[in-house]
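As structure tokens, the structure follows; a few thoughts come after it.
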Amino acid sequence: MSIVAAYLYRNGKRVREISIDEKVDCAQDRTEFVWIGLADPSEEELRKLQKTYDLHPLAVEDALKANQLPKVDIYDDQLFVVAMTAHLENDVIAYGETAMFVGHSHIISVRSGSARSHSVLRQMLEAAPTKLIHGVDYILHAILDYIVDGYLPVVETIEDEVLAMEQRTIDNFLGREEITRIFTLRRELIRFRRVLVPMGEVASKFVRTDLPCIDGETRPYFNDVLDHVRRVRTMVDDLREVLTSVFEFSNLLEQQRTGAITRQLAAWAAILAVPTAIAGIYGMNFQNMPELKTEYGYFVVISGITAACVGLYIRFKRAKWL
């Protein structure tokens, strides 16, 4: 059954359960309202709600498709709000959608592909009647805040992975798998940012725009949601910069280490060139060569080679080539 909960509330307290095709005549003072929560509903269920609560057909179609970016649509005296949820699934960010129909005395939330149930949120609000008494606009704020708060664990998990990767970069070369992971994370963060930008615009509309069903006293609450979106967006932007820095730093270290190895090879080649050249000269197969009959010639040549090699070694060592 896709109907998670459907209750009538009065003065901040749950009164009774209702059916989705039951039209409840609520008081005009906003202290009495209906809150219905659905998860992956069928078209038949949404059509029943459309008929009962006079939902706009375009909004119902959007809720059925469940492929919208975050937005706020106004239909006469009702609002249609779309928010996107996010959670980690197999090391990538998976997205869901929560569509909300908001009227004077009703709020209907439709979750599609969301990993977090609203049951905990409902219990928290029911435990605080002084807040629930404010009406549907406060519930709308609570749902948006609940969704945005779910972004933080996603970003913090990625942040821990990026920081660990940054530390490994200092000690070792990045392997192919780690480089691939860097680009995968960058793509995921870019996609996530495309969600955060319209989510910020949604929260901003509730703060700065006069909208039906939204009381002016509730605006500070939506401003808190906007601050949370900005915080997550800043973290995402910082992580993208860190990932870029990790990749560039890894390349810099690799170039530095390659340069050091090249210098070492050049230094040893220069040292070995001395005995190679001398041995090459004396290895020539000529009969008349000078110093062939010198009594201590062999020891003089060996000593000369050793002295030259030691001198070059000390010089390269001081130059930090070895």
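Here, A, B, ... name the chains of the structure tokens in the order displayed, residue numbers run from 1 inside each chain, and ligands are numbered from 1 in the same displayed order.
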Just want the 10 Å neighbourhood of Tyr138 (chain A), counted on only C-alpha atoms, with same-chain residues fewer than 4 positions away dropped. Output as a PyMOL selection string. chain A and resi 125+131-134+142-144+214-215+217-219+221-222
Pro212 (chain A): which residues within 8 Å, counting only C-alpha atoms, same-chain residues fewer than 3 positions away excluded, as a tab-separated table (two decimals) with C-alpha atoms, in the first residue's frame?
```tsv
chain	number	residue	atom	x	y	z
A	74	ILE	CA	1.27	28.30	-8.06
A	77	ASP	CA	-4.81	29.24	-4.10
A	78	GLN	CA	-2.66	26.09	-3.99
A	79	LEU	CA	1.05	25.37	-4.24
```
One number please: CA of Leu46 (chain A) to CA of His106 (chain A), in Å, one decimal. 14.5 Å
Quick one: distance from CA of Ser105 (chain A) to CA of Gly150 (chain A) in Å, one decimal? 27.1 Å
Need the shell around Glu126 (chain A): protein/DNA/RNA residues with any atom at most 9 Å away, counting only C-alpha atoms. Skip same-chain ones fewer than 4 positions apart. Format as a ChimeraX atom specification? /A:12-14,121-122,131-132
Using only C-alpha atoms, determine which residues lie at most 9 Å from Glu159 (chain A), disregarding the query and same-chain residues fewer than 3 positions distant; provide the list as a ChimeraX atom specification. /A:154-156,162-164,235-236,239
Which of region 23-211 of chain A counts as strand (DSSP E) under DSSP, as an MDAnalysis selection string please? chainID A and resid 32:39 71:75 78:89 92:102 106:112
List the spatial neighbours of Gly37 (chain A) as number ranges by chain - criterion: any atom at most 9 Å away, only C-alpha atoms, same-chain residues fewer than 6 positions off excluded. A: 2-6, 107-111, 118
